[in-house]
file run.cif (mmCIF, C-alpha atoms; chains and numbers go by the auth columns)
data_target
#
loop_
_atom_site.group_PDB
_atom_site.id
_atom_site.type_symbol
_atom_site.label_atom_id
_atom_site.label_comp_id
_atom_site.label_asym_id
_atom_site.label_seq_id
_atom_site.Cartn_x
_atom_site.Cartn_y
_atom_site.Cartn_z
_atom_site.B_iso_or_equiv
_atom_site.auth_seq_id
_atom_site.auth_asym_id
ATOM 1 C CA MET A 1 -30.026 35.385 -38.721 0.00 1 H
ATOM 2 C CA PRO A 2 -30.961 34.001 -35.314 0.00 2 H
ATOM 3 C CA CYS A 3 -29.425 30.630 -34.628 0.00 3 H
ATOM 4 C CA SER A 4 -32.733 29.391 -33.286 0.00 4 H
ATOM 5 C CA LEU A 5 -36.186 30.322 -34.521 0.00 5 H
ATOM 6 C CA PRO A 6 -37.810 29.849 -32.161 0.00 6 H
ATOM 7 C CA ALA A 7 -35.103 28.680 -29.807 0.00 7 H
ATOM 8 C CA MET A 8 -37.676 28.258 -27.105 0.00 8 H
ATOM 9 C CA CYS A 9 -41.106 27.621 -28.431 0.00 9 H
ATOM 10 C CA ASP A 10 -43.586 26.907 -25.639 0.00 10 H
ATOM 11 C CA ALA A 11 -45.348 24.477 -27.900 0.00 11 H
ATOM 12 C CA GLN A 12 -47.543 23.113 -25.127 0.00 12 H
ATOM 13 C CA ARG A 13 -49.061 26.539 -24.967 0.00 13 H
ATOM 14 C CA MET A 14 -49.035 27.509 -28.579 0.00 14 H
ATOM 15 C CA SER A 15 -49.141 24.566 -30.861 0.00 15 H
ATOM 16 C CA TRP A 16 -52.017 22.556 -29.513 0.00 16 H
ATOM 17 C CA SER A 17 -55.669 22.857 -30.214 0.00 17 H
ATOM 18 C CA GLY A 18 -58.492 24.375 -28.227 0.00 18 H
ATOM 19 C CA ASP A 19 -56.689 27.190 -26.440 0.00 19 H
ATOM 20 C CA THR A 20 -52.995 27.966 -26.146 0.00 20 H
ATOM 21 C CA ARG A 21 -52.524 26.429 -22.757 0.00 21 H
ATOM 22 C CA PRO A 22 -51.398 22.865 -22.112 0.00 22 H
ATOM 23 C CA ALA A 23 -51.997 20.614 -24.993 0.00 23 H
ATOM 24 C CA MET A 24 -54.468 18.019 -26.114 0.00 24 H
ATOM 25 C CA LYS A 25 -57.981 18.359 -27.291 0.00 25 H
ATOM 26 C CA SER A 26 -60.549 15.684 -26.690 0.00 26 H
ATOM 27 C CA PRO A 27 -61.975 14.254 -29.924 0.00 27 H
ATOM 28 C CA LEU A 28 -65.369 14.754 -28.313 0.00 28 H
ATOM 29 C CA ALA A 29 -65.262 18.001 -26.327 0.00 29 H
ATOM 30 C CA GLY A 30 -63.013 20.290 -24.333 0.00 30 H
ATOM 31 C CA THR A 31 -59.391 21.352 -24.629 0.00 31 H
ATOM 32 C CA ASN A 32 -56.276 19.402 -23.807 0.00 32 H
ATOM 33 C CA LYS A 33 -55.954 21.332 -20.573 0.00 33 H
ATOM 34 C CA ASP A 34 -59.419 20.185 -19.557 0.00 34 H
ATOM 35 C CA ILE A 35 -58.687 16.582 -20.489 0.00 35 H
ATOM 36 C CA LEU A 36 -55.227 16.359 -18.950 0.00 36 H
ATOM 37 C CA PHE A 37 -55.991 17.965 -15.640 0.00 37 H
ATOM 38 C CA SER A 38 -59.341 16.258 -15.287 0.00 38 H
ATOM 39 C CA TYR A 39 -57.518 12.970 -15.770 0.00 39 H
ATOM 40 C CA ILE A 40 -55.215 13.773 -12.847 0.00 40 H
ATOM 41 C CA LYS A 41 -58.076 14.756 -10.556 0.00 41 H
ATOM 42 C CA GLU A 42 -60.135 11.698 -11.396 0.00 42 H
ATOM 43 C CA HIS A 43 -57.323 9.127 -11.258 0.00 43 H
ATOM 44 C CA ILE A 44 -54.773 10.408 -8.729 0.00 44 H
ATOM 45 C CA GLU A 45 -55.946 8.237 -5.825 0.00 45 H
ATOM 46 C CA ASP A 46 -56.230 5.049 -7.892 0.00 46 H
ATOM 47 C CA TYR A 47 -52.836 5.725 -9.467 0.00 47 H
ATOM 48 C CA LEU A 48 -51.135 6.160 -6.110 0.00 48 H
ATOM 49 C CA SER A 49 -52.811 3.068 -4.682 0.00 49 H
ATOM 50 C CA THR A 50 -51.697 0.980 -7.659 0.00 50 H
ATOM 51 C CA HIS A 51 -48.095 2.257 -7.825 0.00 51 H
ATOM 52 C CA TRP A 52 -47.435 3.139 -4.164 0.00 52 H
ATOM 53 C CA GLU A 53 -44.685 0.543 -3.623 0.00 53 H
ATOM 54 C CA GLU A 54 -42.900 1.257 -6.908 0.00 54 H
ATOM 55 C CA ASP A 55 -39.625 3.200 -6.811 0.00 55 H
ATOM 56 C CA GLU A 56 -40.781 5.860 -9.253 0.00 56 H
ATOM 57 C CA CYS A 57 -43.912 6.583 -7.235 0.00 57 H
ATOM 58 C CA LYS A 58 -41.893 6.684 -4.007 0.00 58 H
ATOM 59 C CA GLN A 59 -39.574 9.253 -5.580 0.00 59 H
ATOM 60 C CA ASP A 60 -42.548 11.349 -6.696 0.00 60 H
ATOM 61 C CA VAL A 61 -44.036 11.290 -3.196 0.00 61 H
ATOM 62 C CA GLN A 62 -40.704 12.171 -1.617 0.00 62 H
ATOM 63 C CA LEU A 63 -40.332 15.163 -3.929 0.00 63 H
ATOM 64 C CA LEU A 64 -43.811 16.364 -2.963 0.00 64 H
ATOM 65 C CA LYS A 65 -42.887 16.049 0.711 0.00 65 H
ATOM 66 C CA LYS A 66 -39.742 18.113 0.161 0.00 66 H
ATOM 67 C CA GLN A 67 -41.843 20.776 -1.564 0.00 67 H
ATOM 68 C CA THR A 68 -44.190 20.875 1.435 0.00 68 H
ATOM 69 C CA GLU A 69 -41.227 21.222 3.800 0.00 69 H
ATOM 70 C CA GLN A 70 -39.918 24.108 1.710 0.00 70 H
ATOM 71 C CA ASP A 71 -43.344 25.765 1.739 0.00 71 H
ATOM 72 C CA ILE A 72 -43.434 25.522 5.526 0.00 72 H
ATOM 73 C CA ARG A 73 -39.943 26.988 5.877 0.00 73 H
ATOM 74 C CA GLU A 74 -40.916 29.867 3.617 0.00 74 H
ATOM 75 C CA HIS A 75 -44.233 30.355 5.466 0.00 75 H
ATOM 76 C CA ARG A 76 -46.310 29.610 2.406 0.00 76 H
ATOM 77 C CA ALA A 77 -49.827 28.251 2.572 0.00 77 H
ATOM 78 C CA CYS A 78 -50.136 24.463 2.718 0.00 78 H
ATOM 79 C CA PRO A 79 -53.043 22.078 2.182 0.00 79 H
ATOM 80 C CA VAL A 80 -55.256 21.336 5.166 0.00 80 H
ATOM 81 C CA HIS A 81 -55.998 17.646 5.710 0.00 81 H
ATOM 82 C CA SER A 82 -59.578 16.987 6.767 0.00 82 H
ATOM 83 C CA PRO A 83 -60.383 13.878 8.850 0.00 83 H
ATOM 84 C CA ASP A 84 -61.623 11.030 6.638 0.00 84 H
ATOM 85 C CA GLN A 85 -63.496 8.245 8.394 0.00 85 H
ATOM 86 C CA THR A 86 -63.021 5.944 5.392 0.00 86 H
ATOM 87 C CA VAL A 87 -59.224 5.967 5.850 0.00 87 H
ATOM 88 C CA HIS A 88 -58.056 3.214 8.193 0.00 88 H
ATOM 89 C CA THR A 89 -54.474 2.167 7.417 0.00 89 H
ATOM 90 C CA ASP A 90 -51.270 4.213 7.503 0.00 90 H
ATOM 91 C CA GLU A 91 -50.893 3.711 3.762 0.00 91 H
ATOM 92 C CA GLU A 92 -54.400 4.974 3.079 0.00 92 H
ATOM 93 C CA LYS A 93 -53.716 7.999 5.274 0.00 93 H
ATOM 94 C CA ALA A 94 -50.443 8.725 3.470 0.00 94 H
ATOM 95 C CA ILE A 95 -52.104 8.401 0.062 0.00 95 H
ATOM 96 C CA ARG A 96 -54.923 10.702 1.145 0.00 96 H
ATOM 97 C CA GLU A 97 -52.394 13.349 2.222 0.00 97 H
ATOM 98 C CA VAL A 98 -50.649 13.157 -1.148 0.00 98 H
ATOM 99 C CA VAL A 99 -53.987 13.405 -2.958 0.00 99 H
ATOM 100 C CA ASP A 100 -54.934 16.461 -0.891 0.00 100 H
ATOM 101 C CA ASN A 101 -51.542 18.035 -1.652 0.00 101 H
ATOM 102 C CA VAL A 102 -51.797 17.443 -5.400 0.00 102 H
ATOM 103 C CA LEU A 103 -55.377 18.738 -5.652 0.00 103 H
ATOM 104 C CA TRP A 104 -54.484 21.773 -3.537 0.00 104 H
ATOM 105 C CA GLN A 105 -51.498 22.627 -5.753 0.00 105 H
ATOM 106 C CA MET A 106 -53.604 22.243 -8.885 0.00 106 H
ATOM 107 C CA ALA A 107 -56.358 24.458 -7.480 0.00 107 H
ATOM 108 C CA ALA A 108 -53.719 27.080 -6.704 0.00 108 H
ATOM 109 C CA ASP A 109 -52.313 26.714 -10.254 0.00 109 H
ATOM 110 C CA ARG A 110 -48.861 25.993 -8.877 0.00 110 H
ATOM 111 C CA LYS A 111 -46.064 24.972 -11.256 0.00 111 H
ATOM 112 C CA THR A 112 -43.767 23.118 -8.863 0.00 112 H
ATOM 113 C CA THR A 113 -41.382 20.551 -10.264 0.00 113 H
ATOM 114 C CA ALA A 114 -42.725 17.993 -7.772 0.00 114 H
ATOM 115 C CA LEU A 115 -46.277 18.374 -9.040 0.00 115 H
ATOM 116 C CA LYS A 116 -45.282 18.381 -12.700 0.00 116 H
ATOM 117 C CA GLN A 117 -43.179 15.250 -12.258 0.00 117 H
ATOM 118 C CA LEU A 118 -46.055 13.240 -10.798 0.00 118 H
ATOM 119 C CA GLN A 119 -48.478 14.572 -13.394 0.00 119 H
ATOM 120 C CA GLY A 120 -46.049 13.616 -16.130 0.00 120 H
ATOM 121 C CA HIS A 121 -45.849 10.038 -14.882 0.00 121 H
ATOM 122 C CA MET A 122 -49.634 9.797 -14.721 0.00 122 H
ATOM 123 C CA TRP A 123 -50.006 11.204 -18.210 0.00 123 H
ATOM 124 C CA ARG A 124 -47.479 8.690 -19.488 0.00 124 H
ATOM 125 C CA THR A 125 -49.818 5.937 -18.332 0.00 125 H
ATOM 126 C CA ALA A 126 -52.710 7.606 -20.135 0.00 126 H
ATOM 127 C CA TYR A 127 -50.799 8.208 -23.358 0.00 127 H
ATOM 128 C CA THR A 128 -49.255 4.771 -23.624 0.00 128 H
ATOM 129 C CA SER A 129 -52.644 3.155 -23.009 0.00 129 H
ATOM 130 C CA GLY A 130 -54.175 5.244 -25.798 0.00 130 H
ATOM 131 C CA LYS A 131 -56.619 7.052 -23.516 0.00 131 H
ATOM 132 C CA ILE A 132 -55.468 10.490 -24.706 0.00 132 H
ATOM 133 C CA LYS A 133 -53.654 11.825 -27.780 0.00 133 H
ATOM 134 C CA GLY A 134 -52.318 15.186 -28.888 0.00 134 H
ATOM 135 C CA GLU A 135 -53.807 17.335 -31.651 0.00 135 H
ATOM 136 C CA VAL A 136 -51.805 20.290 -32.967 0.00 136 H
ATOM 137 C CA TYR A 137 -52.893 23.515 -34.605 0.00 137 H
ATOM 138 C CA GLN A 138 -52.799 23.061 -38.367 0.00 138 H
ATOM 139 C CA ASP A 139 -50.203 25.811 -38.908 0.00 139 H
ATOM 140 C CA VAL A 140 -47.631 24.475 -36.454 0.00 140 H
ATOM 141 C CA VAL A 141 -46.098 21.349 -37.975 0.00 141 H
ATOM 142 C CA PRO A 142 -45.644 22.786 -41.512 0.00 142 H
ATOM 143 C CA ALA A 143 -44.026 25.922 -40.050 0.00 143 H
ATOM 144 C CA ILE A 144 -41.586 24.044 -37.847 0.00 144 H
ATOM 145 C CA ARG A 145 -40.659 21.672 -40.676 0.00 145 H
ATOM 146 C CA ARG A 146 -39.950 24.698 -42.860 0.00 146 H
ATOM 147 C CA TRP A 147 -37.760 26.312 -40.200 0.00 147 H
ATOM 148 C CA ARG A 148 -35.767 23.129 -39.732 0.00 148 H
ATOM 149 C CA GLN A 149 -35.261 22.782 -43.482 0.00 149 H
ATOM 150 C CA GLN A 150 -33.768 26.275 -43.340 0.00 150 H
ATOM 151 C CA GLY A 151 -31.262 25.115 -40.737 0.00 151 H
ATOM 152 C CA LEU A 152 -32.959 26.641 -37.695 0.00 152 H
ATOM 153 C CA LYS A 153 -33.331 24.910 -34.344 0.00 153 H
ATOM 154 C CA VAL A 154 -36.483 24.647 -32.268 0.00 154 H
ATOM 155 C CA TYR A 155 -36.680 24.054 -28.522 0.00 155 H
ATOM 156 C CA ILE A 156 -39.536 23.791 -26.045 0.00 156 H
ATOM 157 C CA TYR A 157 -39.604 25.536 -22.674 0.00 157 H
ATOM 158 C CA SER A 158 -42.703 24.652 -20.701 0.00 158 H
ATOM 159 C CA SER A 159 -44.022 24.547 -17.170 0.00 159 H
ATOM 160 C CA GLY A 160 -44.896 20.938 -17.962 0.00 160 H
ATOM 161 C CA SER A 161 -42.117 18.438 -17.262 0.00 161 H
ATOM 162 C CA VAL A 162 -39.794 17.353 -20.054 0.00 162 H
ATOM 163 C CA GLU A 163 -41.338 13.904 -19.890 0.00 163 H
ATOM 164 C CA ALA A 164 -44.839 15.358 -20.214 0.00 164 H
ATOM 165 C CA GLN A 165 -43.741 17.384 -23.234 0.00 165 H
ATOM 166 C CA LYS A 166 -42.317 14.308 -24.936 0.00 166 H
ATOM 167 C CA LEU A 167 -45.509 12.392 -24.295 0.00 167 H
ATOM 168 C CA LEU A 168 -47.610 15.164 -25.815 0.00 168 H
ATOM 169 C CA PHE A 169 -45.600 15.224 -29.007 0.00 169 H
ATOM 170 C CA GLY A 170 -44.682 11.564 -29.103 0.00 170 H
ATOM 171 C CA TYR A 171 -48.318 10.461 -29.004 0.00 171 H
ATOM 172 C CA SER A 172 -49.813 13.037 -31.339 0.00 172 H
ATOM 173 C CA VAL A 173 -52.700 12.250 -33.670 0.00 173 H
ATOM 174 C CA GLU A 174 -50.192 13.146 -36.405 0.00 174 H
ATOM 175 C CA GLY A 175 -47.778 10.558 -35.100 0.00 175 H
ATOM 176 C CA ASP A 176 -44.468 11.019 -33.324 0.00 176 H
ATOM 177 C CA LEU A 177 -43.448 14.674 -33.688 0.00 177 H
ATOM 178 C CA LEU A 178 -40.412 14.598 -31.399 0.00 178 H
ATOM 179 C CA GLU A 179 -38.055 14.790 -34.356 0.00 179 H
ATOM 180 C CA LEU A 180 -39.173 18.393 -34.846 0.00 180 H
ATOM 181 C CA PHE A 181 -37.484 19.575 -31.654 0.00 181 H
ATOM 182 C CA ASP A 182 -33.830 19.976 -30.745 0.00 182 H
ATOM 183 C CA GLY A 183 -34.372 19.985 -27.003 0.00 183 H
ATOM 184 C CA HIS A 184 -36.780 20.363 -24.111 0.00 184 H
ATOM 185 C CA PHE A 185 -36.679 22.503 -20.957 0.00 185 H
ATOM 186 C CA ASP A 186 -38.965 22.691 -17.930 0.00 186 H
ATOM 187 C CA THR A 187 -39.076 24.323 -14.496 0.00 187 H
ATOM 188 C CA ASN A 188 -35.810 22.664 -13.543 0.00 188 H
ATOM 189 C CA MET A 189 -34.364 25.672 -15.373 0.00 189 H
ATOM 190 C CA GLY A 190 -36.470 28.022 -13.220 0.00 190 H
ATOM 191 C CA LEU A 191 -39.931 29.538 -13.388 0.00 191 H
ATOM 192 C CA LYS A 192 -41.068 30.917 -16.729 0.00 192 H
ATOM 193 C CA VAL A 193 -41.753 34.367 -15.272 0.00 193 H
ATOM 194 C CA GLU A 194 -38.163 34.728 -14.027 0.00 194 H
ATOM 195 C CA SER A 195 -35.561 36.239 -16.340 0.00 195 H
ATOM 196 C CA LYS A 196 -32.724 34.096 -14.972 0.00 196 H
ATOM 197 C CA SER A 197 -34.487 31.012 -16.375 0.00 197 H
ATOM 198 C CA TYR A 198 -34.074 32.339 -19.910 0.00 198 H
ATOM 199 C CA GLN A 199 -30.442 33.196 -19.318 0.00 199 H
ATOM 200 C CA ARG A 200 -29.785 29.635 -18.158 0.00 200 H
ATOM 201 C CA ILE A 201 -31.450 28.184 -21.233 0.00 201 H
ATOM 202 C CA ALA A 202 -29.548 30.470 -23.591 0.00 202 H
ATOM 203 C CA GLU A 203 -26.327 29.263 -21.969 0.00 203 H
ATOM 204 C CA ARG A 204 -27.431 25.636 -22.240 0.00 204 H
ATOM 205 C CA ILE A 205 -28.308 26.075 -25.910 0.00 205 H
ATOM 206 C CA GLY A 206 -25.052 27.911 -26.544 0.00 206 H
ATOM 207 C CA CYS A 207 -26.768 30.769 -28.323 0.00 207 H
ATOM 208 C CA PRO A 208 -26.659 34.493 -27.396 0.00 208 H
ATOM 209 C CA PRO A 209 -30.042 35.700 -26.082 0.00 209 H
ATOM 210 C CA GLU A 210 -30.246 38.327 -28.815 0.00 210 H
ATOM 211 C CA ASP A 211 -30.182 35.538 -31.420 0.00 211 H
ATOM 212 C CA ILE A 212 -33.124 33.716 -29.863 0.00 212 H
ATOM 213 C CA LEU A 213 -36.799 34.240 -30.638 0.00 213 H
ATOM 214 C CA PHE A 214 -39.169 33.210 -27.854 0.00 214 H
ATOM 215 C CA LEU A 215 -42.829 32.554 -28.608 0.00 215 H
ATOM 216 C CA THR A 216 -45.394 32.695 -25.821 0.00 216 H
ATOM 217 C CA ASP A 217 -48.976 33.676 -25.098 0.00 217 H
ATOM 218 C CA VAL A 218 -48.197 34.947 -21.596 0.00 218 H
ATOM 219 C CA THR A 219 -46.921 38.509 -21.369 0.00 219 H
ATOM 220 C CA ARG A 220 -45.257 37.947 -17.971 0.00 220 H
ATOM 221 C CA GLU A 221 -43.091 35.317 -19.660 0.00 221 H
ATOM 222 C CA ALA A 222 -42.468 37.670 -22.569 0.00 222 H
ATOM 223 C CA LYS A 223 -41.288 40.360 -20.148 0.00 223 H
ATOM 224 C CA ALA A 224 -38.883 37.955 -18.433 0.00 224 H
ATOM 225 C CA ALA A 225 -37.365 36.865 -21.767 0.00 225 H
ATOM 226 C CA VAL A 226 -36.979 40.453 -22.982 0.00 226 H
ATOM 227 C CA GLU A 227 -35.104 41.338 -19.797 0.00 227 H
ATOM 228 C CA VAL A 228 -32.206 39.067 -20.825 0.00 228 H
ATOM 229 C CA GLY A 229 -32.168 40.366 -24.394 0.00 229 H
ATOM 230 C CA MET A 230 -34.271 37.807 -26.247 0.00 230 H
ATOM 231 C CA ASN A 231 -36.564 38.654 -29.116 0.00 231 H
ATOM 232 C CA VAL A 232 -40.198 37.924 -28.263 0.00 232 H
ATOM 233 C CA VAL A 233 -43.405 37.377 -30.195 0.00 233 H
ATOM 234 C CA VAL A 234 -46.742 36.911 -28.441 0.00 234 H
ATOM 235 C CA VAL A 235 -49.005 34.343 -30.068 0.00 235 H
ATOM 236 C CA VAL A 236 -52.718 35.124 -29.934 0.00 236 H
ATOM 237 C CA ARG A 237 -54.978 32.089 -30.233 0.00 237 H
ATOM 238 C CA PRO A 238 -58.740 31.663 -29.790 0.00 238 H
ATOM 239 C CA GLY A 239 -59.535 31.235 -26.118 0.00 239 H
ATOM 240 C CA ASN A 240 -56.582 33.270 -24.859 0.00 240 H
ATOM 241 C CA ALA A 241 -57.010 35.844 -22.151 0.00 241 H
ATOM 242 C CA GLU A 242 -57.591 39.235 -23.756 0.00 242 H
ATOM 243 C CA LEU A 243 -54.441 41.343 -23.989 0.00 243 H
ATOM 244 C CA ALA A 244 -54.469 44.853 -22.603 0.00 244 H
ATOM 245 C CA GLU A 245 -54.034 47.658 -25.123 0.00 245 H
ATOM 246 C CA GLU A 246 -50.605 48.431 -23.663 0.00 246 H
ATOM 247 C CA GLU A 247 -49.539 44.802 -24.172 0.00 247 H
ATOM 248 C CA ARG A 248 -50.789 44.828 -27.757 0.00 248 H
ATOM 249 C CA SER A 249 -48.788 47.927 -28.557 0.00 249 H
ATOM 250 C CA HIS A 250 -45.668 46.761 -26.716 0.00 250 H
ATOM 251 C CA TYR A 251 -45.178 43.291 -28.239 0.00 251 H
ATOM 252 C CA SER A 252 -45.145 41.876 -31.760 0.00 252 H
ATOM 253 C CA LEU A 253 -48.243 39.717 -32.219 0.00 253 H
ATOM 254 C CA ILE A 254 -49.080 36.804 -34.502 0.00 254 H
ATOM 255 C CA SER A 255 -52.066 34.487 -34.724 0.00 255 H
ATOM 256 C CA SER A 256 -50.383 31.739 -36.761 0.00 256 H
ATOM 257 C CA PHE A 257 -46.894 30.248 -36.999 0.00 257 H
ATOM 258 C CA SER A 258 -47.122 30.758 -40.752 0.00 258 H
ATOM 259 C CA GLN A 259 -46.637 34.483 -40.127 0.00 259 H
ATOM 260 C CA LEU A 260 -43.058 33.912 -38.920 0.00 260 H
ATOM 261 C CA GLN A 261 -40.327 34.200 -41.495 0.00 261 H
ATOM 262 C CA ALA A 262 -36.818 32.680 -41.418 0.00 262 H
ATOM 263 C CA THR A 263 -35.288 36.104 -40.852 0.00 263 H
ATOM 264 C CA GLY A 264 -36.668 35.984 -37.313 0.00 264 H
ATOM 265 C CA SER A 265 -39.137 38.800 -37.807 0.00 265 H
ATOM 266 C CA ALA A 266 -42.870 38.362 -37.422 0.00 266 H
#
call {"tool": "encode", "arguments": {"input": "run.cif", "output": "structure tokens"}}
result
Amino acid sequence: MPCSLPAMCDAQRMSWSGDTRPAMKSPLAGTNKDILFSYIKEHIEDYLSTHWEEDECKQDVQLLKKQTEQDIREHRACPVHSPDQTVHTDEEKAIREVVDNVLWQMAADRKTTALKQLQGHMWRTAYTSGKIKGEVYQDVVPAIRRWRQQGLKVYIYSSGSVEAQKLLFGYSVEGDLLELFDGHFDTNMGLKVESKSYQRIAERIGCPPEDILFLTDVTREAKAAVEVGMNVVVVVRPGNAELAEEERSHYSLISSFSQLQATGSA
């Protein structure tokens, strides 16, 4: 029996309502992805202005600068700063450059640790103030509780920062769900489409890859996990991108966590 089922469950993708991408569904309209990322876009400048002199914010900005320097060294595209006549002070100019960088990375759907760290800190403000809460698919919590009762361990590996993950589950509409998980991993372990990331996590968990079941709704991630010997199941939820026929025939598919049994087979 696998020592972890699922050892790495990308629960931000799979266990939250709306679609299978990052969590949180608005009680009024839209998915968690819409709510979370709209919050960043709408509040990034005010957040930076309010917290600019705080150590945490300074560290976030410094990490973004290092990412930009790396992009330049590697000849990657970088945001273009347009002249803004409303910006007068050096601080305002610096904040505007950070805002442009963050919005550019989000538009490019980048998953850099620097971006995710700042987003996580902004979401923490939103969660703790009660502005947003997490809502999970109905099949997820009962399934994970059942697996844990059977002695299995559950971990999260997400492109969202560890802090962001803990906020999502800690401020759920069902209460604090953090007790359901044995650990959290993010892009500090590597990108989710790179096989070496899964090898690192298997080593950190202390479990052979062949004894790990990885759940995802992204076939590029599934491919990377398979390359190191992990078992993989692709979760199909409403709103997902349509899978190609080849992908459907290649991977085991489920539409609900209730379809997974303790033997590790779907």
call {"tool": "residues_around", "arguments": {"input": "run.cif", "residues": "Leu115 of chain H", "least_positions_apart": "4", "cutoff": "8 Å", "atoms": "all atoms listed in the file", "output": "list in words"}}
result
Leu64, Val102, Gln105, Lys111 and Gln119 of chain H
call {"tool": "residues_around", "arguments": {"input": "run.cif", "residues": "segment 44-49 of chain H", "least_positions_apart": "4", "cutoff": "8 Å", "atoms": "all atoms listed in the file", "output": "PyMOL selection string"}}
result
chain H and resi 39-40+57+95-96+99+122
call {"tool": "atom_distance", "arguments": {"input": "run.cif", "atom1": "atom CA of Gln59 of chain H", "atom2": "atom CA of Gly120 of chain H"}}
result
13.1 Å
call {"tool": "atom_distance", "arguments": {"input": "run.cif", "atom1": "atom CA of Ile35 of chain H", "atom2": "atom CA of Gly134 of chain H"}}
result
10.6 Å
call {"tool": "closest_atom_pairs", "arguments": {"input": "run.cif", "of": "segment 200-242 of chain H", "to": "segment 180-196 of chain H", "cutoff": "6 Å", "atoms": "all atoms listed in the file", "output": "JSON lines"}}
result
{"residue": "H:Arg220", "atom": "CA", "partner": "H:Val193", "partner_atom": "CA", "distance": 5.7}
{"residue": "H:Glu221", "atom": "CA", "partner": "H:Val193", "partner_atom": "CA", "distance": 4.7}
{"residue": "H:Ala224", "atom": "CA", "partner": "H:Ser195", "partner_atom": "CA", "distance": 4.3}
{"residue": "H:Ala225", "atom": "CA", "partner": "H:Ser195", "partner_atom": "CA", "distance": 5.8}
call {"tool": "resolve_selection", "arguments": {"input": "run.cif", "expression": "the PyMOL selection byres ((chain H and resi 236-239) around 7)", "output": "list of chain:residue names"}}
result
H:Asp19, H:Thr20, H:Asp217, H:Val234, H:Val235, H:Asn240, H:Ala241, H:Leu253, H:Ile254, H:Ser255
call {"tool": "resolve_selection", "arguments": {"input": "run.cif", "expression": "the PyMOL selection byres ((chain H and resi 158) around 6)", "output": "list in words"}}
result
Asp10, Tyr157, Ser159, Gly160 and Asp186 of chain H
call {"tool": "residues_around", "arguments": {"input": "run.cif", "residues": "Gly130 of chain H", "least_positions_apart": "6", "cutoff": "12 Å", "atoms": "all atoms listed in the file", "output": "list in words"}}
result
Trp123, Arg124, Leu167, Leu168, Gly170, Tyr171, Ser172 and Val173 of chain H
call {"tool": "write_last_selection", "arguments": {"input": "run.cif", "atoms": "C-alpha atoms", "output": "PDB file, in the frame of the given file"}}
result
ATOM      1  CA  TRP H 123     -50.006  11.204 -18.210  1.00  0.00           C
ATOM      2  CA  ARG H 124     -47.479   8.690 -19.488  1.00  0.00           C
ATOM      3  CA  LEU H 167     -45.509  12.392 -24.295  1.00  0.00           C
ATOM      4  CA  LEU H 168     -47.610  15.164 -25.815  1.00  0.00           C
ATOM      5  CA  GLY H 170     -44.682  11.564 -29.103  1.00  0.00           C
ATOM      6  CA  TYR H 171     -48.318  10.461 -29.004  1.00  0.00           C
ATOM      7  CA  SER H 172     -49.813  13.037 -31.339  1.00  0.00           C
ATOM      8  CA  VAL H 173     -52.700  12.250 -33.670  1.00  0.00           C
TER       9      VAL H 173
END
call {"tool": "residues_near_point", "arguments": {"input": "run.cif", "point": "(-44.2, 9.3, -1.7)", "cutoff": "10 Å", "atoms": "only C-alpha atoms", "output": "VMD selection string"}}
result
chain H and resid 48 52 to 65 94 to 95 97 to 98
call {"tool": "write_last_selection", "arguments": {"input": "run.cif", "atoms": "C-alpha atoms", "output": "PDB file, keeping the file's coordinate frame"}}
result
ATOM      1  CA  LEU H  48     -51.135   6.160  -6.110  1.00  0.00           C
ATOM      2  CA  TRP H  52     -47.435   3.139  -4.164  1.00  0.00           C
ATOM      3  CA  GLU H  53     -44.685   0.543  -3.623  1.00  0.00           C
ATOM      4  CA  GLU H  54     -42.900   1.257  -6.908  1.00  0.00           C
ATOM      5  CA  ASP H  55     -39.625   3.200  -6.811  1.00  0.00           C
ATOM      6  CA  GLU H  56     -40.781   5.860  -9.253  1.00  0.00           C
ATOM      7  CA  CYS H  57     -43.912   6.583  -7.235  1.00  0.00           C
ATOM      8  CA  LYS H  58     -41.893   6.684  -4.007  1.00  0.00           C
ATOM      9  CA  GLN H  59     -39.574   9.253  -5.580  1.00  0.00           C
ATOM     10  CA  ASP H  60     -42.548  11.349  -6.696  1.00  0.00           C
ATOM     11  CA  VAL H  61     -44.036  11.290  -3.196  1.00  0.00           C
ATOM     12  CA  GLN H  62     -40.704  12.171  -1.617  1.00  0.00           C
ATOM     13  CA  LEU H  63     -40.332  15.163  -3.929  1.00  0.00           C
ATOM     14  CA  LEU H  64     -43.811  16.364  -2.963  1.00  0.00           C
ATOM     15  CA  LYS H  65     -42.887  16.049   0.711  1.00  0.00           C
ATOM     16  CA  ALA H  94     -50.443   8.725   3.470  1.00  0.00           C
ATOM     17  CA  ILE H  95     -52.104   8.401   0.062  1.00  0.00           C
ATOM     18  CA  GLU H  97     -52.394  13.349   2.222  1.00  0.00           C
ATOM     19  CA  VAL H  98     -50.649  13.157  -1.148  1.00  0.00           C
TER      20      VAL H  98
END
call {"tool": "resolve_selection", "arguments": {"input": "run.cif", "expression": "the PyMOL selection byres ((chain H and resi 144) around 10)", "output": "list in words"}}
result
Leu5, Pro6, Asp139, Val140, Val141, Pro142, Ala143, Arg145, Arg146, Trp147, Arg148, Gln149, Gln150, Leu152, Lys153, Val154, Leu180, Phe181, Phe257 and Ser258 of chain H
call {"tool": "write_last_selection", "arguments": {"input": "run.cif", "atoms": "C-alpha atoms", "output": "short mmCIF file (atom, residue, chain, number, x, y, z; two decimals), keeping the file's coordinate frame"}}
result
data_model
loop_
_atom_site.label_atom_id
_atom_site.label_comp_id
_atom_site.auth_asym_id
_atom_site.auth_seq_id
_atom_site.Cartn_x
_atom_site.Cartn_y
_atom_site.Cartn_z
CA LEU H 5 -36.19 30.32 -34.52
CA PRO H 6 -37.81 29.85 -32.16
CA ASP H 139 -50.20 25.81 -38.91
CA VAL H 140 -47.63 24.48 -36.45
CA VAL H 141 -46.10 21.35 -37.98
CA PRO H 142 -45.64 22.79 -41.51
CA ALA H 143 -44.03 25.92 -40.05
CA ARG H 145 -40.66 21.67 -40.68
CA ARG H 146 -39.95 24.70 -42.86
CA TRP H 147 -37.76 26.31 -40.20
CA ARG H 148 -35.77 23.13 -39.73
CA GLN H 149 -35.26 22.78 -43.48
CA GLN H 150 -33.77 26.28 -43.34
CA LEU H 152 -32.96 26.64 -37.70
CA LYS H 153 -33.33 24.91 -34.34
CA VAL H 154 -36.48 24.65 -32.27
CA LEU H 180 -39.17 18.39 -34.85
CA PHE H 181 -37.48 19.58 -31.65
CA PHE H 257 -46.89 30.25 -37.00
CA SER H 258 -47.12 30.76 -40.75
#
